Structures are given as C-alpha cells and as structure tokens.
>>> print(open('start.pdb').read())   # PDB, C-alpha atoms, pLDDT in the B column
ATOM      1  CA  VAL A   1      93.198 110.105 109.577  1.00 90.00           C
ATOM      2  CA  GLN A   2      92.757 107.446 106.937  1.00 94.00           C
ATOM      3  CA  LEU A   3      94.923 104.519 105.856  1.00 96.00           C
ATOM      4  CA  GLN A   4      94.220 102.628 102.633  1.00 96.00           C
ATOM      5  CA  ALA A   5      96.008  99.311 102.133  1.00 97.00           C
ATOM      6  CA  SER A   6      96.293  97.631  98.750  1.00 98.00           C
ATOM      7  CA  GLY A   7      98.453  95.267  96.724  1.00 98.00           C
ATOM      8  CA  GLY A   8      97.473  91.905  98.110  1.00 98.00           C
ATOM      9  CA  GLY A   9      96.672  88.919  95.951  1.00 98.00           C
ATOM     10  CA  LEU A  10      97.337  85.283  95.171  1.00 98.00           C
ATOM     11  CA  VAL A  11     100.938  84.297  94.498  1.00 98.00           C
ATOM     12  CA  GLN A  12     102.888  81.055  94.296  1.00 98.00           C
ATOM     13  CA  VAL A  13     105.596  80.045  96.725  1.00 98.00           C
ATOM     14  CA  GLY A  14     108.753  82.007  96.015  1.00 98.00           C
ATOM     15  CA  GLY A  15     106.886  84.851  94.387  1.00 98.00           C
ATOM     16  CA  SER A  16     106.704  88.520  95.305  1.00 98.00           C
ATOM     17  CA  LEU A  17     104.109  91.129  96.159  1.00 98.00           C
ATOM     18  CA  ARG A  18     104.313  94.780  97.115  1.00 98.00           C
ATOM     19  CA  LEU A  19     101.767  96.116  99.545  1.00 98.00           C
ATOM     20  CA  SER A  20     100.990  99.823  99.721  1.00 98.00           C
ATOM     21  CA  CYS A  21      99.495 101.871 102.519  1.00 97.00           C
ATOM     22  CA  SER A  22      98.493 105.336 101.403  1.00 96.00           C
ATOM     23  CA  VAL A  23      97.558 107.781 104.128  1.00 95.00           C
ATOM     24  CA  SER A  24      95.676 111.030 104.502  1.00 92.00           C
ATOM     25  CA  GLY A  25      95.205 113.386 107.400  1.00 90.00           C
ATOM     26  CA  PHE A  26      98.809 113.259 108.530  1.00 90.00           C
ATOM     27  CA  MET A  27     102.320 113.022 107.125  1.00 90.00           C
ATOM     28  CA  SER A  28     103.598 109.473 106.969  1.00 89.00           C
ATOM     29  CA  SER A  29     107.189 110.692 107.309  1.00 88.00           C
ATOM     30  CA  ARG A  30     106.498 112.130 110.772  1.00 90.00           C
ATOM     31  CA  THR A  31     105.273 109.013 112.512  1.00 92.00           C
ATOM     32  CA  THR A  32     105.951 105.327 112.948  1.00 95.00           C
ATOM     33  CA  MET A  33     104.073 103.112 110.538  1.00 96.00           C
ATOM     34  CA  GLY A  34     104.071  99.411 109.920  1.00 97.00           C
ATOM     35  CA  TRP A  35     102.309  96.187 109.087  1.00 98.00           C
ATOM     36  CA  TYR A  36     100.666  93.354 110.956  1.00 98.00           C
ATOM     37  CA  ARG A  37      99.406  90.043 109.589  1.00 98.00           C
ATOM     38  CA  GLN A  38      96.403  88.026 110.695  1.00 98.00           C
ATOM     39  CA  ALA A  39      96.187  84.426 109.571  1.00 96.00           C
ATOM     40  CA  PRO A  40      92.823  82.610 109.643  1.00 91.00           C
ATOM     41  CA  GLY A  41      91.859  81.762 113.201  1.00 94.00           C
ATOM     42  CA  LYS A  42      94.924  83.442 114.663  1.00 96.00           C
ATOM     43  CA  GLN A  43      95.782  86.687 116.358  1.00 97.00           C
ATOM     44  CA  ARG A  44      97.188  89.657 114.517  1.00 97.00           C
ATOM     45  CA  VAL A  45     101.003  89.577 114.646  1.00 98.00           C
ATOM     46  CA  PHE A  46     103.667  92.160 113.990  1.00 98.00           C
ATOM     47  CA  VAL A  47     105.470  92.042 110.634  1.00 98.00           C
ATOM     48  CA  ALA A  48     107.471  95.247 110.181  1.00 98.00           C
ATOM     49  CA  TYR A  49     107.703  98.904 111.103  1.00 98.00           C
ATOM     50  CA  ILE A  50     109.465 102.070 109.995  1.00 97.00           C
ATOM     51  CA  THR A  51     109.993 105.046 112.265  1.00 95.00           C
ATOM     52  CA  ALA A  52     109.653 108.732 111.475  1.00 90.00           C
ATOM     53  CA  ALA A  53     112.033 110.201 108.916  1.00 84.00           C
ATOM     54  CA  GLU A  54     114.041 112.272 111.398  1.00 80.00           C
ATOM     55  CA  MET A  55     115.946 109.123 112.317  1.00 82.00           C
ATOM     56  CA  THR A  56     114.549 106.314 110.196  1.00 90.00           C
ATOM     57  CA  LYS A  57     114.746 102.880 111.729  1.00 95.00           C
ATOM     58  CA  THR A  58     113.167  99.659 110.542  1.00 97.00           C
ATOM     59  CA  ASP A  59     112.545  96.343 112.206  1.00 98.00           C
ATOM     60  CA  TYR A  60     111.012  93.037 111.184  1.00 98.00           C
ATOM     61  CA  GLU A  61     109.547  89.921 112.662  1.00 98.00           C
ATOM     62  CA  ASP A  62     112.224  87.233 112.619  1.00 98.00           C
ATOM     63  CA  SER A  63     110.563  84.993 110.030  1.00 97.00           C
ATOM     64  CA  VAL A  64     110.461  87.757 107.398  1.00 98.00           C
ATOM     65  CA  LYS A  65     113.925  89.233 107.918  1.00 98.00           C
ATOM     66  CA  GLY A  66     115.874  89.156 104.675  1.00 98.00           C
ATOM     67  CA  ARG A  67     112.700  88.616 102.633  1.00 98.00           C
ATOM     68  CA  PHE A  68     110.533  91.659 103.386  1.00 98.00           C
ATOM     69  CA  THR A  69     111.473  95.315 103.088  1.00 98.00           C
ATOM     70  CA  ILE A  70     109.483  98.231 104.459  1.00 98.00           C
ATOM     71  CA  SER A  71     109.966 101.652 102.901  1.00 96.00           C
ATOM     72  CA  ARG A  72     108.305 105.029 102.580  1.00 95.00           C
ATOM     73  CA  ASP A  73     107.656 107.548  99.829  1.00 94.00           C
ATOM     74  CA  ALA A  74     107.163 110.843 101.629  1.00 92.00           C
ATOM     75  CA  VAL A  75     106.009 112.635  98.472  1.00 93.00           C
ATOM     76  CA  LEU A  76     103.231 110.103  97.853  1.00 94.00           C
ATOM     77  CA  ASN A  77     102.583 109.800 101.603  1.00 93.00           C
ATOM     78  CA  THR A  78     102.695 106.038 101.229  1.00 96.00           C
ATOM     79  CA  VAL A  79     104.429 103.186 103.032  1.00 96.00           C
ATOM     80  CA  TYR A  80     105.282  99.990 101.196  1.00 98.00           C
ATOM     81  CA  LEU A  81     106.001  96.412 102.159  1.00 98.00           C
ATOM     82  CA  GLN A  82     107.993  94.567  99.521  1.00 98.00           C
ATOM     83  CA  MET A  83     107.564  90.851 100.098  1.00 98.00           C
ATOM     84  CA  ASP A  84     109.926  88.475  98.310  1.00 98.00           C
ATOM     85  CA  SER A  85     110.490  84.720  98.517  1.00 98.00           C
ATOM     86  CA  LEU A  86     106.978  84.296  99.829  1.00 98.00           C
ATOM     87  CA  LYS A  87     106.062  81.208 101.825  1.00 98.00           C
ATOM     88  CA  PRO A  88     102.684  79.619 102.616  1.00 97.00           C
ATOM     89  CA  GLU A  89     103.020  80.802 106.222  1.00 96.00           C
ATOM     90  CA  ASP A  90     103.006  84.395 104.974  1.00 98.00           C
ATOM     91  CA  THR A  91      99.338  83.951 104.075  1.00 98.00           C
ATOM     92  CA  GLY A  92      96.925  86.245 105.871  1.00 98.00           C
ATOM     93  CA  VAL A  93      95.289  89.621 105.909  1.00 98.00           C
ATOM     94  CA  TYR A  94      97.875  92.373 106.136  1.00 98.00           C
ATOM     95  CA  PHE A  95      96.942  95.513 108.035  1.00 98.00           C
ATOM     96  CA  CYS A  96      98.927  98.715 107.949  1.00 98.00           C
ATOM     97  CA  TYR A  97      98.987 100.933 110.997  1.00 97.00           C
ATOM     98  CA  ALA A  98     100.209 104.373 111.978  1.00 96.00           C
ATOM     99  CA  LEU A  99     100.855 106.195 115.237  1.00 94.00           C
ATOM    100  CA  PRO A 100     100.284 109.900 114.603  1.00 91.00           C
ATOM    101  CA  GLY A 101     100.318 111.679 117.955  1.00 88.00           C
ATOM    102  CA  GLY A 102     100.795 108.328 119.668  1.00 88.00           C
ATOM    103  CA  GLU A 103      97.313 107.106 118.744  1.00 93.00           C
ATOM    104  CA  MET A 104      97.011 103.820 116.836  1.00 94.00           C
ATOM    105  CA  HIS A 105      95.145 103.893 113.535  1.00 96.00           C
ATOM    106  CA  TRP A 106      94.555 100.888 111.264  1.00 97.00           C
ATOM    107  CA  GLY A 107      93.904 100.428 107.590  1.00 95.00           C
ATOM    108  CA  GLN A 108      91.263  98.028 106.314  1.00 93.00           C
ATOM    109  CA  GLY A 109      93.561  95.107 105.448  1.00 95.00           C
ATOM    110  CA  THR A 110      94.564  93.421 102.223  1.00 98.00           C
ATOM    111  CA  GLN A 111      94.538  89.656 101.654  1.00 98.00           C
ATOM    112  CA  VAL A 112      97.751  87.842 100.754  1.00 98.00           C
ATOM    113  CA  THR A 113      97.530  84.185  99.790  1.00 98.00           C
ATOM    114  CA  VAL A 114     100.639  82.151  99.034  1.00 98.00           C
ATOM    115  CA  SER A 115      99.898  78.852  97.327  1.00 97.00           C
ATOM    116  CA  SER A 116     102.227  75.858  97.393  1.00 90.00           C
TER     117      SER A 116
END
>>> encode(input="start.pdb", output="structure tokens")
Amino acid sequence: VQLQASGGGLVQVGGSLRLSCSVSGFMSSRTTMGWYRQAPGKQRVFVAYITAAEMTKTDYEDSVKGRFTISRDAVLNTVYLQMDSLKPEDTGVYFCYALPGGEMHWGQGTQVTVSS
C-alpha cells in the first residue's frame, strides 16, 4: 500500500490549488480516503473525506466547507482535493490517508502555503 501526495505550493490569499493523492496496492474506490492538515507547531486535523464508491459520501471540516471539494478518479486510482478561496489559516502540510481493510495508511504530505 502506497499513497503519493502532490500538488502543494505557494499561493496568494483567494487563490486555488488542487492536491492529488495517487495510490497503489489497493483500489481507491473501495475504501474511505481523505486529507488532514498539520500547521506548524499544531496537531494534525481533519480536512475532508470521501467514502467508498458503493455509496459515496463526503464530509468536510467546517472551516473549509464551500471552499474545498474532495473527489476521486477511479480509473487513475487518485483522490483529489480542490482548494479554492484559500486563506492564510489553510497553510500547513496536507496528508492524504486511506483505510483499506480498516487499517490507516498515510501519504508523505505536501506543503501548502497561503500568503497574505
């Protein structure tokens, strides 16, 4: 099981980024996947998740609702996090995760920096 996160970068307030989490060793459409964020000196916090494709459900942390969208491309075996209207408080390292067989797996993280 491997998760590879990418797409982070430096963006100005109000800008957009799309994070990608490509996976191998399991089918992304058959398990819950999502994203956490870790700001400097703070704990990792939940951002968004998407459930398995049989009955897809998404949920978001309150501060990102209406601005972030999580989605999945089953053919590419990749989960995305579209981040719009970015704010300085969105800054942090974003980690994707997956729960194949109920076991938590993490990607390596990608840095997002929102400058004001």
>>> closest_residue(input="start.pdb", among="A:Val11, A:Met33, A:Val114, A:Val64", to="Pro88 (chain A)", atoms="only C-alpha atoms")
A:Val114
>>> resolve_selection(input="start.pdb", expression="the PyMOL selection byres ((chain A and resi 15) around 10)", output="JSON, numbers by chain")
{"A": [10, 11, 12, 13, 14, 16, 17, 83, 84, 85, 86, 87, 114, 115]}
>>> closest_residue(input="start.pdb", among="A:Val1, A:Phe46, A:Leu99, A:Thr78", to="Asp62 (chain A)", atoms="all atoms listed in the file")
A:Phe46
>>> closest_residue(input="start.pdb", among="A:Gly34, A:Gly7, A:Pro100, A:Gly109", to="Ser71 (chain A)", atoms="all atoms listed in the file")
A:Gly34
>>> residues_around(input="start.pdb", residues="Gly8 (chain A)", least_positions_apart="6", cutoff="10 Å", atoms="only C-alpha atoms", output="PyMOL selection string")
chain A and resi 17-20+92-94+109-113
>>> atom_distance(input="start.pdb", atom1="CA of Thr58 (chain A)", atom2="CA of Ile70 (chain A)")
7.3 Å
>>> resolve_selection(input="start.pdb", expression="the PyMOL selection byres ((chain A and resi 24) around 9)", output="compact mmCIF listing (two decimals) with C-alpha atoms, in the frame of the given file")
# COMPACT_ATOMS: atom_id res chain seq x y z
CA VAL A 1 93.20 110.10 109.58
CA GLN A 2 92.76 107.45 106.94
CA LEU A 3 94.92 104.52 105.86
CA GLN A 4 94.22 102.63 102.63
CA SER A 22 98.49 105.34 101.40
CA VAL A 23 97.56 107.78 104.13
CA GLY A 25 95.20 113.39 107.40
CA PHE A 26 98.81 113.26 108.53
CA MET A 27 102.32 113.02 107.12
CA SER A 28 103.60 109.47 106.97
CA ASN A 77 102.58 109.80 101.60
>>> axis_aligned_box(input="start.pdb", around="region 21-35 of chain A", padding_each_side="5 Å", output="JSON")
{"center_x": 101.2, "center_y": 104.8, "center_z": 107.2, "size_x": 22.0, "size_y": 27.2, "size_z": 21.5}
>>> resolve_selection(input="start.pdb", expression="the PyMOL selection byres ((chain A and resi 40) around 9)", output="PDB file with C-alpha atoms, in the frame of the given file")
ATOM      1  CA  GLN A  38      96.403  88.026 110.695  1.00 98.00           C
ATOM      2  CA  ALA A  39      96.187  84.426 109.571  1.00 96.00           C
ATOM      3  CA  GLY A  41      91.859  81.762 113.201  1.00 94.00           C
ATOM      4  CA  LYS A  42      94.924  83.442 114.663  1.00 96.00           C
ATOM      5  CA  GLN A  43      95.782  86.687 116.358  1.00 97.00           C
ATOM      6  CA  THR A  91      99.338  83.951 104.075  1.00 98.00           C
ATOM      7  CA  GLY A  92      96.925  86.245 105.871  1.00 98.00           C
ATOM      8  CA  VAL A  93      95.289  89.621 105.909  1.00 98.00           C
TER       9      VAL A  93
END
>>> atom_distance(input="start.pdb", atom1="CA of Gly107 (chain A)", atom2="CA of Tyr60 (chain A)")
19.0 Å
>>> closest_residue(input="start.pdb", among="A:Trp35, A:Asp73, A:Arg67, A:Ser29", to="Glu54 (chain A)", atoms="only C-alpha atoms")
A:Ser29
>>> residues_around(input="start.pdb", residues="Ala52 (chain A)", least_positions_apart="3", cutoff="6 Å", atoms="all atoms listed in the file", output="short mmCIF file (atom, residue, chain, number, x, y, z; two decimals) with C-alpha atoms, in the frame of the given file")
data_model
loop_
_atom_site.label_atom_id
_atom_site.label_comp_id
_atom_site.auth_asym_id
_atom_site.auth_seq_id
_atom_site.Cartn_x
_atom_site.Cartn_y
_atom_site.Cartn_z
CA SER A 29 107.19 110.69 107.31
CA ARG A 30 106.50 112.13 110.77
CA THR A 31 105.27 109.01 112.51
CA THR A 32 105.95 105.33 112.95
CA THR A 56 114.55 106.31 110.20
#
>>> atom_distance(input="start.pdb", atom1="CA of Glu89 (chain A)", atom2="CA of Lys57 (chain A)")
25.6 Å
